[in-house]
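Participant: Okay, handing you the structure first.
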Number of protein chains: 2
Amino acid sequence: MLREAVYHLAHGSYAYPVSEDTLRLTLRTAKADVQKVTVVYQDRYGALKPCVANMEVVAEDELFSFYQTDIQLATKRFGYVFLLDDGKHSVFYTEKGFFDDIPPNTQFHYPYIALQDLWEPPKWSQGAVIYQIFPERFANGNPANDPPGVEPWDAATTVTSQKGGDLQGVIERFQHLVDLGVDVIYFTPIFKAPSNHKYDTVDYYTIDPHFGDEETVRQLINLAHQHDIKVVFDAVFNHSGFGFFAFQDVLQNGEDSAFSHWFNIESFPVQTDPPNYETFSNQIATMPKLMTHQQDVKDYFIEVGRYWVREFGIDGWRLDVANEIDHEFWREFRQAIKAENPEALIVGELWHEASEWVRGDQFDSVMNYSLQYACLDFFAKGTIRAQSFAHRLAKVQVNHTQAVNLAMFNLLDCHDTERFLTTCGGDVSRFSLAVAFQLTYEGAPMIYYGDEVGMVGLTDPDCRRGMIWDPKAQNLDLFTWYQKLIALRREHPVLRSGHCRTVWADSATNVYGFVRFDQGEQVLVLLNNSAGAQSVNLAKIPWPVAVPKQVQDLLTKEKFALGDVLVEPYGTRIVG
Amino acid sequence: MLREAVYHLAHGSYAYPVSEDTLRLTLRTAKADVQKVTVVYQDRYGALKPCVANMEVVAEDELFSFYQTDIQLATKRFGYVFLLDDGKHSVFYTEKGFFDDIPPNTQFHYPYIALQDLWEPPKWSQGAVIYQIFPERFANGNPANDPPGVEPWDAATTVTSQKGGDLQGVIERFQHLVDLGVDVIYFTPIFKAPSNHKYDTVDYYTIDPHFGDEETVRQLINLAHQHDIKVVFDAVFNHSGFGFFAFQDVLQNGEDSAFSHWFNIESFPVQTDPPNYETFSNQIATMPKLMTHQQDVKDYFIEVGRYWVREFGIDGWRLDVANEIDHEFWREFRQAIKAENPEALIVGELWHEASEWVRGDQFDSVMNYSLQYACLDFFAKGTIRAQSFAHRLAKVQVNHTQAVNLAMFNLLDCHDTERFLTTCGGDVSRFSLAVAFQLTYEGAPMIYYGDEVGMVGLTDPDCRRGMIWDPKAQNLDLFTWYQKLIALRREHPVLRSGHCRTVWADSATNVYGFVRFDQGEQVLVLLNNSAGAQSVNLAKIPWPVAVPKQVQDLLTKEKFALGDVLVEPYGTRIVG
């Protein structure tokens with residue numbers, strides 16, 4: 001037994017409550033190193049008799065197997081150790097290390113399931129289909145508010161292009177979103193700002209006049225809510241725009257400005273080329289970094305967050321550059337936002353390992369870039385094969401609680417990356433396969449506007465082209481594919497809220513498969529990421545719950561027995 | 001290279017800021033498996049040129065080696081990977097796994113050192129000497145306030161014994177604490193409560209009349225502060241006492257009580273035998289558990305915390321049963337207390353792995369029971385030898401930031417455990433050795449009243465005997481030993497605030513040694529936990545900084561060269 005590989009912590013994703021009296025435990029071992037893992041648990045004061053539960057493998061990556069089980073105690077106070085058996089020896093793994101027996105004071109403790117710690121992201125966000133809109137490029141509904149020098153909608157996009165997209169355009173094109181079947185719209189910033197992307201906010205309380213006004217926003221939110229669609233705004237609190245009143249005040253009044261402590265100015269007078277103040281990224285003079293640890297700065301921006309929830313009824317915030325702002329800011333932000341609306345969603349932009357931010361005190365979920373990278377490598381670039389893909393997914397999955405995984409914004413691309421279809425070399429079959437994965441896998445799939453009609457584009461600014469509205473230029477087959485998958489997701493709650501387990505990962509045939517399951521239903525998704533038809537024998541699938549009595553191909557409606565299922569080249573088979 | 005053993009996380013104790021632009025990184029490998037570990041780091045936006053730093057082993061347990069280094073970047077935004085070389089191969093370890101090269105998007109990121117995240121426990125608490133007083137048993141200064149039925153001071157203690165100890169007694173015996181040289185007094189609860197231990201609080205705003213009154217407390221705190229001694233109170237918010245007004249109201253008014261939601265009552269009427277409500281531990285009817293997630297309960301107890309800091313100037317709180325209260329309560333508690341006094345200390349009673357509570361948002365430190373257990377096993381029971389002792393210490397050390405380690409309440413015993421000297425079988429030489437360890441090792445040593453004069457006792461209630469004041473009954477040699485060590489600690493700041501590294505752990509001779517060091521000073525502590533004299537060759541010590549030019553035995557004042565140092569049976573040699 002490889003003791004160095006064995007790992008458990010009595011918190012985080014390794015031990016978390018799933019109900020008032022039930023704790024979910026995960027234990028890591030070296031891959032396939034152990035034959036049996038048991039957890040021996042009891043009330044930590046010994047109030048109840050000791051219990052034993054078997055753990056089962058729920059995920060594997062290239063090095064590790066991850067065992068999991070749920071344990072329940074009426075007193076909600078857990079003391080536990082693991083018994084690992086590799087066929088030759090069995091040994092207890094405890095908080096203090098490995099022992100043949102259980103010495104005193106060696107148990108892991110999950111001291112008590114406090115109700116407050118039994119948190120999860122808003123239910124509506126778990127498994128929701130998100131649609132990301134970059135408003136300047138989605139639809140121009142009101143040419144009267146266009147910025148000067150608007151370029152033709154279809155002209156090549158540059159960093160400074162203005163095309164006239166606005167919120168009235170979203171209202172007019174709303175039926176497109178309804179037809180697609182989305183649950184949430186996430187808007188990149190819409191507050192007053194000079195750039196087309198508006199990540200350089202000048203006024204956090206004003207809708208950019210080229211996008212509309214408060215009335216347009218209210219109309220849009222009402223419209224969305226009438227269709228049971230939630231609206232998430234983008235909060236840029238890491239830095240302001242150059243024209244933000246506080247920064248302008250510092251520019252004018254220097255050291256005497258009442259706002260000089262809102263920024264990190266090296267020396268006065270303020271200089272902009274190069275900037276002698278801290279900025280976002282590499283000396284971007286138009287984006288001075290905000291000192292969010294200062295009480296008045298914190299108060300100002302938390303009130304911004306509160307205001308749009310309270311006054312306009314938005315359903316949540318996506319937080320830009322979230323990981324360069326201190327944790328305490330986000331803790332207070334969360335408290336304030338949830339006080340306005342306990343069901344408001346808070347999602348951080350984090351490109352890297354994010355467990356520190358989704359512990360219940362800060363974000364509900366994050367952008368799932370790790371999943372995006374895995375999809376790019378597997379479906380688009382073909383640099384990894386089915387088994388590696390499964391391993392990459394496993395790493396993300398075991399890093400968070402299930403509820404967080406269900407709320408992760410699973411993106412294939414966004415306004416900051418090349419379009420996924422472009423990375424696929426324009427190959428719609430590969431892209432469709434990735435979309436099938438995105439829309440059936442665990443999480444909240446985020447569709448970047450236009451992906452659903454086959455839009456292409458290299459990275460920023462090319463990925464921000466004007467939305468294609470001409471049906472002749474749209475890939476309608478693709479749109480129908482999205483519709484089908486989203487409809488399937490709505491018909492089968494298990495695709496939104498079910499557990500998710502990899503059950504097939506064959507690097508030879510390059511077929512990857514997973515099952516979504518809950519008490520009532522099981523759905524198998526098989527993805528053939530190869531140019532040849534491949535068959536999978538359903539009897540060999542390790543169904544997580546039990547072999548379903550009737551398996552039915554929900555897409556083709558054909559019936560079949562527990563035999564081979566044929567998956568077309570770059571094809572998807574959904575069996576449930 | 002054993003890849004399964006390699007571990008790093010870009011947060012917690014594996015990556016934390018030690019200054020505004022410096023990050024401390026830890027990497028775990030299998031023990032002695034790797035010859036060289038390098039970290040390759042750069043600004044995460046590529047603003048600065050890439051840098052390379054070697055890492056060095058700072059701790060080892062039975063399975064792992066822990067490498068550490070500090071890296072610095074003016075932009076405070078870190079992207080990094082590790083290069084591990086085992087002599088045959090070198091491989092990069094990244095957030096996404098192991099690679100021969102560094103693929104895109106694989107770096108670990110510590111996104112930004114935000115000032116707010118650069119937290120540490122109050123400076124005064126780091127390395128401070130704590131003295132724990134159980135007031136009912138320390139000294140009876142005012143017989144007029146004795147409870148009825150007071151037993152003789154020296155009579156055997158029972159669970160219900162009352163001996164008349166009080167705060168006036170502490171005032172009268174204050175010189176004892178000054179003579180000893182303590183920095184902090186931690187009082188177990190002193191609020192109105194029927195028991196002798198007062199963990200069953202009836203009134204959080206009233207000093208127990210048998211202990212004194214507000215005036216006595218003010219006098220005592222003033223006296224302490226005049227001597228530059230801090231005062232820490234004990235907060236029992238997990239449960240109240242039976243007589244607490246809110247519980248009494250529920251008993252009287254049942255469901256109609258405005259306080260019925262302050263407790264978890266299964267059904268009305270309330271029954272007490274057995275209790276039909278949630279309690280501390282196993283159905284202790286006199287300690288009903290408080291529902292601290294309820295807003296008004298939270299408000300009430302946070303105001304209690306604030307009140308004693310604000311109105312009486314106490315310097316901190318030790319939190320009873322801290323891990324059975326939800327994290328959110330403690331986050332708000334911390335904010336409230338630090339708002340009253342940013343230098344107030346918040347210490348949790350946690351007997352187990354505690355990293356979840358000392359991340360900057362909840363506690364400054366915790367009771368270090370893991371260290372106590374290690375000391376019991378090594379010094380008192382002799383069930384482990386020097387190497388295992390070193391391993392046990394290493395596990396605790398790498399689990400926290402250095403600043404937290406410096407503030408950990410390092411106890412040998414307390415009011416809940418057998419006296420350490422008793423576990424030593426009364427062997428003062430073994431006990432003295434443990435005390436030498438406690439008072440020179442990293443952390444805030446906590447002395448349980450009476451240990452310093454040789455008090456003995458089995459576990460609760462026997463460990464709560466009346467303090468021995470008769471000099472003829474006191475072990476004055478022991479007292480002098482404590483004084484010497486504490487004086488040494490005061491003379492040498494490195495013993496309070498320096499780094500700490502195990503440099504010797506020989507299970508054959510059973511000699512354990514560590515070095516405390518900073519830029520200016522190095523002190524070696526050698527502890528011979530055997531019945532025979534042992535010699536250690538100073539030239540073989542892996543001095544962390546450099547071999548000191550002059551090494552001097554500070555206790556004996558004798559000079560010696562870099563040769564063998566003799567350590568007497570159960571003796572201590574301090575070389576600095």
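Letters A, B, ... go to the chains of the structure tokens in the order shown; residues in each chain start at 1; ligands are counted from 1 in the same order.
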Considering only C-alpha atoms, tabulate each residue of chain B that lies at most 8 Å from chain A along with its nearest interatomic pair and the corresponding distance in Å to one decimal; arrange the rows by chain and ascending residue number and present them as a tab-separated table.
Facilitator:
```
residue	atom	partner	partner_atom	distance
B:Arg3	CA	A:Leu63	CA	7.7
B:Glu4	CA	A:Ala5	CA	5.0
B:Ala5	CA	A:Glu4	CA	5.0
B:Ala10	CA	A:Glu353	CA	7.8
B:His11	CA	A:Glu356	CA	7.1
B:Ala30	CA	A:Glu4	CA	6.7
B:Tyr45	CA	A:Ser281	CA	6.2
B:Ala47	CA	A:Asn282	CA	5.8
B:Leu63	CA	A:Glu4	CA	6.2
B:Phe64	CA	A:Glu4	CA	7.5
B:Glu95	CA	A:Glu353	CA	7.5
B:Lys96	CA	A:Arg392	CA	7.9
B:Phe108	CA	A:His352	CA	7.4
B:His109	CA	A:His352	CA	6.7
B:Pro111	CA	A:Glu324	CA	5.6
B:Tyr112	CA	A:Glu324	CA	5.0
B:Ile113	CA	A:Glu324	CA	7.6
B:Ala114	CA	A:Asp326	CA	5.2
B:Leu115	CA	A:His293	CA	7.1
B:Gln116	CA	A:Asp326	CA	5.8
B:Asp117	CA	A:Asp326	CA	5.9
B:Ser281	CA	A:Tyr45	CA	6.2
B:Asn282	CA	A:Ala47	CA	5.8
B:His293	CA	A:Gln116	CA	6.0
B:Asn323	CA	A:Pro111	CA	5.9
B:Glu324	CA	A:Tyr112	CA	5.0
B:Ile325	CA	A:Ala114	CA	6.5
B:Asp326	CA	A:Ala114	CA	5.2
B:His327	CA	A:Asp117	CA	6.8
B:Glu328	CA	A:Gln116	CA	6.9
B:His352	CA	A:His109	CA	6.8
B:Glu353	CA	A:Glu95	CA	7.5
B:Glu356	CA	A:His11	CA	7.1
B:Asp361	CA	A:Glu328	CA	7.5
B:Arg392	CA	A:Lys96	CA	7.9
```
Participant: Could you name the residues that touch B:Tyr16 at 8 Å or less, counting only C-alpha atoms, but leaving out those on the same chain fewer than 5 positions away, as a list in words?
Facilitator: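 The residues satisfying every condition are His11, Leu23, Arg24, Leu25 and Thr401 of chain B.
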Participant: So the first atom is atom CA of B:Gly165 and the second is atom CA of B:Phe245; what is the distance between them in Å, to one decimal place?
Facilitator: 25.8 Å
Participant: What does the distance between atom CA of B:Thr440 and atom CA of B:Gln372 come to in Å, to one decimal place?
Facilitator: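 For atom CA of B:Thr440 relative to atom CA of B:Gln372, the distance reads 14.6 Å.
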Participant: What parts of stretch 98-310 of chain A does DSSP call strand (DSSP E)? I'd like the answer as a ChimeraX atom specification.
Facilitator: /A:98-99,108-110,130-133,184-187,191-192,203-207,230-235
Participant: Go through A:Ile302, A:Cys424, A:Cys414, A:Leu223 and flag the residue nearest A:Thr383, using only C-alpha atoms for the distances.
Facilitator: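 Distance minimum relative to A:Thr383 lands on A:Cys424.
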Participant: Within 9 Å of A:Val236, counting only C-alpha atoms, which residues show up once you throw out same-chain ones fewer than 5 positions away? Write them as a VMD selection string, please.
Facilitator: chain A and resid 189 199 to 201 204 318 to 322
Participant: Just the number, please: distance in Å from atom CA of B:Ala246 to atom CA of B:Trp330, one decimal.
Facilitator: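 Atom CA of B:Trp330 lies at a distance of 21.3 Å from atom CA of B:Ala246.
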Participant: Skip stretch 88-92 of chain B itself and residues of its chain fewer than 6 positions away, then list as a list in words all residues within 10 Å of it, counting only C-alpha atoms.
Facilitator: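 Near neighbours after the sequence-gap exclusion: Met1, Arg3, Val34, Gln35, Lys36, Val37, Thr38, Val39, Val40, Val81, Phe82, Phe98, Phe99, Asp100, Asp101, Ile102, Pro103 and Gln107 of chain B.
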Participant: Could the residues in this selection be written to a file with N, CA and C atoms, as a PDB file, in the first residue's frame?
Facilitator:
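Wrote it out as result29.pdb, contents follow:
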```pdb
ATOM      1  N   MET B   1      11.005   8.814  -8.851  1.00  0.00           N
ATOM      2  CA  MET B   1      10.333   9.854  -8.066  1.00  0.00           C
ATOM      3  C   MET B   1       8.897   9.418  -7.782  1.00  0.00           C
ATOM      4  N   ARG B   3       5.561  10.256  -7.552  1.00  0.00           N
ATOM      5  CA  ARG B   3       4.692  11.388  -7.899  1.00  0.00           C
ATOM      6  C   ARG B   3       3.483  11.490  -6.979  1.00  0.00           C
ATOM      7  N   VAL B  34      13.787  13.220  -3.417  1.00  0.00           N
ATOM      8  CA  VAL B  34      14.188  14.182  -4.436  1.00  0.00           C
ATOM      9  C   VAL B  34      15.474  14.838  -3.986  1.00  0.00           C
ATOM     10  N   GLN B  35      16.361  15.105  -4.941  1.00  0.00           N
ATOM     11  CA  GLN B  35      17.636  15.707  -4.553  1.00  0.00           C
ATOM     12  C   GLN B  35      17.576  17.223  -4.528  1.00  0.00           C
ATOM     13  N   LYS B  36      16.757  17.763  -5.431  1.00  0.00           N
ATOM     14  CA  LYS B  36      16.756  19.218  -5.555  1.00  0.00           C
ATOM     15  C   LYS B  36      15.369  19.683  -5.991  1.00  0.00           C
ATOM     16  N   VAL B  37      14.884  20.718  -5.342  1.00  0.00           N
ATOM     17  CA  VAL B  37      13.615  21.310  -5.756  1.00  0.00           C
ATOM     18  C   VAL B  37      13.837  22.796  -6.022  1.00  0.00           C
ATOM     19  N   THR B  38      13.383  23.204  -7.174  1.00  0.00           N
ATOM     20  CA  THR B  38      13.528  24.594  -7.597  1.00  0.00           C
ATOM     21  C   THR B  38      12.134  25.123  -7.897  1.00  0.00           C
ATOM     22  N   VAL B  39      11.905  26.386  -7.617  1.00  0.00           N
ATOM     23  CA  VAL B  39      10.644  26.984  -8.048  1.00  0.00           C
ATOM     24  C   VAL B  39      10.967  28.001  -9.150  1.00  0.00           C
ATOM     25  N   VAL B  40      10.241  27.900 -10.244  1.00  0.00           N
ATOM     26  CA  VAL B  40      10.388  28.822 -11.375  1.00  0.00           C
ATOM     27  C   VAL B  40       9.169  29.719 -11.329  1.00  0.00           C
ATOM     28  N   VAL B  81       5.841  27.276 -11.072  1.00  0.00           N
ATOM     29  CA  VAL B  81       5.857  25.805 -11.149  1.00  0.00           C
ATOM     30  C   VAL B  81       7.099  25.337 -10.393  1.00  0.00           C
ATOM     31  N   PHE B  82       7.097  24.065 -10.015  1.00  0.00           N
ATOM     32  CA  PHE B  82       8.243  23.487  -9.313  1.00  0.00           C
ATOM     33  C   PHE B  82       8.997  22.559 -10.259  1.00  0.00           C
ATOM     34  N   PHE B  98       2.190  16.674 -13.745  1.00  0.00           N
ATOM     35  CA  PHE B  98       3.630  16.589 -14.028  1.00  0.00           C
ATOM     36  C   PHE B  98       3.893  16.700 -15.525  1.00  0.00           C
ATOM     37  N   PHE B  99       4.908  17.479 -15.879  1.00  0.00           N
ATOM     38  CA  PHE B  99       5.266  17.651 -17.289  1.00  0.00           C
ATOM     39  C   PHE B  99       6.781  17.789 -17.417  1.00  0.00           C
ATOM     40  N   ASP B 100       7.294  17.361 -18.555  1.00  0.00           N
ATOM     41  CA  ASP B 100       8.722  17.565 -18.826  1.00  0.00           C
ATOM     42  C   ASP B 100       9.010  19.038 -19.113  1.00  0.00           C
ATOM     43  N   ASP B 101       8.045  19.702 -19.727  1.00  0.00           N
ATOM     44  CA  ASP B 101       8.192  21.128 -20.015  1.00  0.00           C
ATOM     45  C   ASP B 101       7.063  21.870 -19.291  1.00  0.00           C
ATOM     46  N   ILE B 102       6.855  23.120 -19.630  1.00  0.00           N
ATOM     47  CA  ILE B 102       5.788  23.868 -18.945  1.00  0.00           C
ATOM     48  C   ILE B 102       4.715  24.216 -19.970  1.00  0.00           C
ATOM     49  N   PRO B 103       3.698  23.389 -20.105  1.00  0.00           N
ATOM     50  CA  PRO B 103       2.642  23.716 -21.071  1.00  0.00           C
ATOM     51  C   PRO B 103       1.909  24.998 -20.661  1.00  0.00           C
ATOM     52  N   GLN B 107       0.574  26.814 -14.729  1.00  0.00           N
ATOM     53  CA  GLN B 107       1.187  27.358 -13.519  1.00  0.00           C
ATOM     54  C   GLN B 107       0.222  27.336 -12.330  1.00  0.00           C
TER      55      GLN B 107
END
```
Participant: Would you kindly return, as a PyMOL selection string, each protein, DNA or RNA residue with an atom no farther than 9 Å from any atom of B:Ala336, considering only C-alpha atoms and excluding same-chain residues fewer than 3 positions away?
Facilitator: chain B and resi 302-303+305-306+331-333+339-341
Participant: Write out, as a short mmCIF file (atom, residue, chain, number, x, y, z; two decimals), in the first residue's frame, the residues just selected, with N, CA and C atoms.
Facilitator:
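Just written: part.cif:
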```
data_model
loop_
_atom_site.label_atom_id
_atom_site.label_comp_id
_atom_site.auth_asym_id
_atom_site.auth_seq_id
_atom_site.Cartn_x
_atom_site.Cartn_y
_atom_site.Cartn_z
N ILE B 302 -22.26 38.06 20.26
CA ILE B 302 -21.18 38.90 19.73
C ILE B 302 -21.07 40.17 20.57
N GLU B 303 -22.21 40.67 21.02
CA GLU B 303 -22.16 41.86 21.89
C GLU B 303 -21.51 41.51 23.24
N GLY B 305 -19.09 39.43 23.58
CA GLY B 305 -17.67 39.46 23.25
C GLY B 305 -17.12 40.87 23.17
N ARG B 306 -17.91 41.71 22.54
CA ARG B 306 -17.49 43.10 22.35
C ARG B 306 -17.45 43.83 23.70
N ARG B 331 -16.71 34.30 12.06
CA ARG B 331 -16.26 35.38 11.17
C ARG B 331 -16.81 36.71 11.65
N GLU B 332 -18.09 36.73 12.00
CA GLU B 332 -18.69 37.98 12.46
C GLU B 332 -18.14 38.35 13.84
N PHE B 333 -17.93 37.36 14.66
CA PHE B 333 -17.34 37.60 15.99
C PHE B 333 -15.97 38.26 15.83
N ALA B 339 -12.82 45.09 15.60
CA ALA B 339 -13.25 46.48 15.46
C ALA B 339 -13.09 47.21 16.79
N GLU B 340 -13.33 46.49 17.89
CA GLU B 340 -13.13 47.09 19.22
C GLU B 340 -11.64 47.27 19.50
N ASN B 341 -10.87 46.26 19.18
CA ASN B 341 -9.43 46.30 19.44
C ASN B 341 -8.71 45.38 18.44
#
```
Participant: B:Val170: which residues within 12 Å, counting only C-alpha atoms, same-chain residues fewer than 3 positions away excluded, as number ranges by chain?
Facilitator: B: 131-142, 165-167, 173-178, 185-187, 211-212, 216-217, 219-221, 223-224, 449, 467
Participant: Mind the document's chain letters and residue numbers, and return as a short mmCIF file (atom, residue, chain, number, x, y, z; two decimals) with N, CA, C and O atoms, in the first residue's frame the residues of stretch 421-478 of chain A that DSSP labels alpha helix (DSSP H).
Facilitator:
```cif
data_model
loop_
_atom_site.label_atom_id
_atom_site.label_comp_id
_atom_site.auth_asym_id
_atom_site.auth_seq_id
_atom_site.Cartn_x
_atom_site.Cartn_y
_atom_site.Cartn_z
N LEU A 421 -15.19 26.67 -31.81
CA LEU A 421 -15.33 26.12 -33.16
C LEU A 421 -14.10 26.45 -34.00
O LEU A 421 -13.67 25.65 -34.83
N THR A 422 -13.52 27.59 -33.76
CA THR A 422 -12.29 27.98 -34.46
C THR A 422 -11.13 27.08 -34.05
O THR A 422 -10.35 26.62 -34.90
N THR A 423 -11.03 26.82 -32.75
CA THR A 423 -9.98 25.90 -32.29
C THR A 423 -10.20 24.50 -32.86
O THR A 423 -9.25 23.74 -33.04
N VAL A 428 -17.42 21.24 -37.41
CA VAL A 428 -18.65 21.33 -36.62
C VAL A 428 -18.94 20.01 -35.89
O VAL A 428 -19.52 20.01 -34.81
N SER A 429 -18.51 18.91 -36.44
CA SER A 429 -18.80 17.63 -35.78
C SER A 429 -18.06 17.54 -34.44
O SER A 429 -18.61 17.12 -33.43
N ARG A 430 -16.80 17.95 -34.43
CA ARG A 430 -16.06 17.97 -33.17
C ARG A 430 -16.69 18.97 -32.18
O ARG A 430 -16.82 18.70 -31.00
N PHE A 431 -17.05 20.12 -32.72
CA PHE A 431 -17.65 21.14 -31.87
C PHE A 431 -18.96 20.62 -31.28
O PHE A 431 -19.23 20.77 -30.09
N SER A 432 -19.77 19.98 -32.11
CA SER A 432 -21.06 19.46 -31.64
C SER A 432 -20.87 18.43 -30.53
O SER A 432 -21.67 18.34 -29.60
N LEU A 433 -19.81 17.66 -30.68
CA LEU A 433 -19.51 16.66 -29.66
C LEU A 433 -19.19 17.35 -28.32
O LEU A 433 -19.68 16.95 -27.26
N ALA A 434 -18.40 18.41 -28.41
CA ALA A 434 -18.05 19.17 -27.20
C ALA A 434 -19.30 19.79 -26.58
O ALA A 434 -19.46 19.82 -25.36
N VAL A 435 -20.18 20.27 -27.44
CA VAL A 435 -21.42 20.88 -26.95
C VAL A 435 -22.28 19.83 -26.25
O VAL A 435 -22.86 20.10 -25.19
N ALA A 436 -22.34 18.65 -26.83
CA ALA A 436 -23.11 17.56 -26.19
C ALA A 436 -22.54 17.28 -24.81
O ALA A 436 -23.28 17.09 -23.84
N PHE A 437 -21.21 17.26 -24.73
CA PHE A 437 -20.60 17.08 -23.41
C PHE A 437 -21.00 18.21 -22.48
O PHE A 437 -21.49 17.99 -21.37
N GLN A 438 -20.79 19.45 -22.94
CA GLN A 438 -21.06 20.62 -22.11
C GLN A 438 -22.49 20.61 -21.57
O GLN A 438 -22.72 20.94 -20.40
N LEU A 439 -23.44 20.23 -22.42
CA LEU A 439 -24.85 20.36 -22.05
C LEU A 439 -25.42 19.13 -21.32
O LEU A 439 -26.58 19.12 -20.95
N THR A 440 -24.58 18.13 -21.12
CA THR A 440 -25.08 16.97 -20.36
C THR A 440 -24.24 16.71 -19.10
O THR A 440 -24.71 16.06 -18.17
N LEU A 476 -28.02 26.39 -38.68
CA LEU A 476 -29.28 26.07 -38.01
C LEU A 476 -29.30 24.64 -37.48
O LEU A 476 -30.00 24.35 -36.51
N ASP A 477 -28.54 23.77 -38.12
CA ASP A 477 -28.43 22.41 -37.58
C ASP A 477 -27.81 22.45 -36.18
O ASP A 477 -28.24 21.75 -35.27
N LEU A 478 -26.80 23.28 -36.07
CA LEU A 478 -26.13 23.43 -34.78
C LEU A 478 -27.12 23.98 -33.74
O LEU A 478 -27.20 23.50 -32.61
#
```
Participant: Please provide as a list in words all residues within 8 Å of A:Ser497, with the sequence filter that same-chain residues fewer than 4 positions apart are discarded (counting only C-alpha atoms).
Facilitator: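 Answer for this query is Gln126, Gly127, Leu406, Glu442 and Pro493 of chain A.
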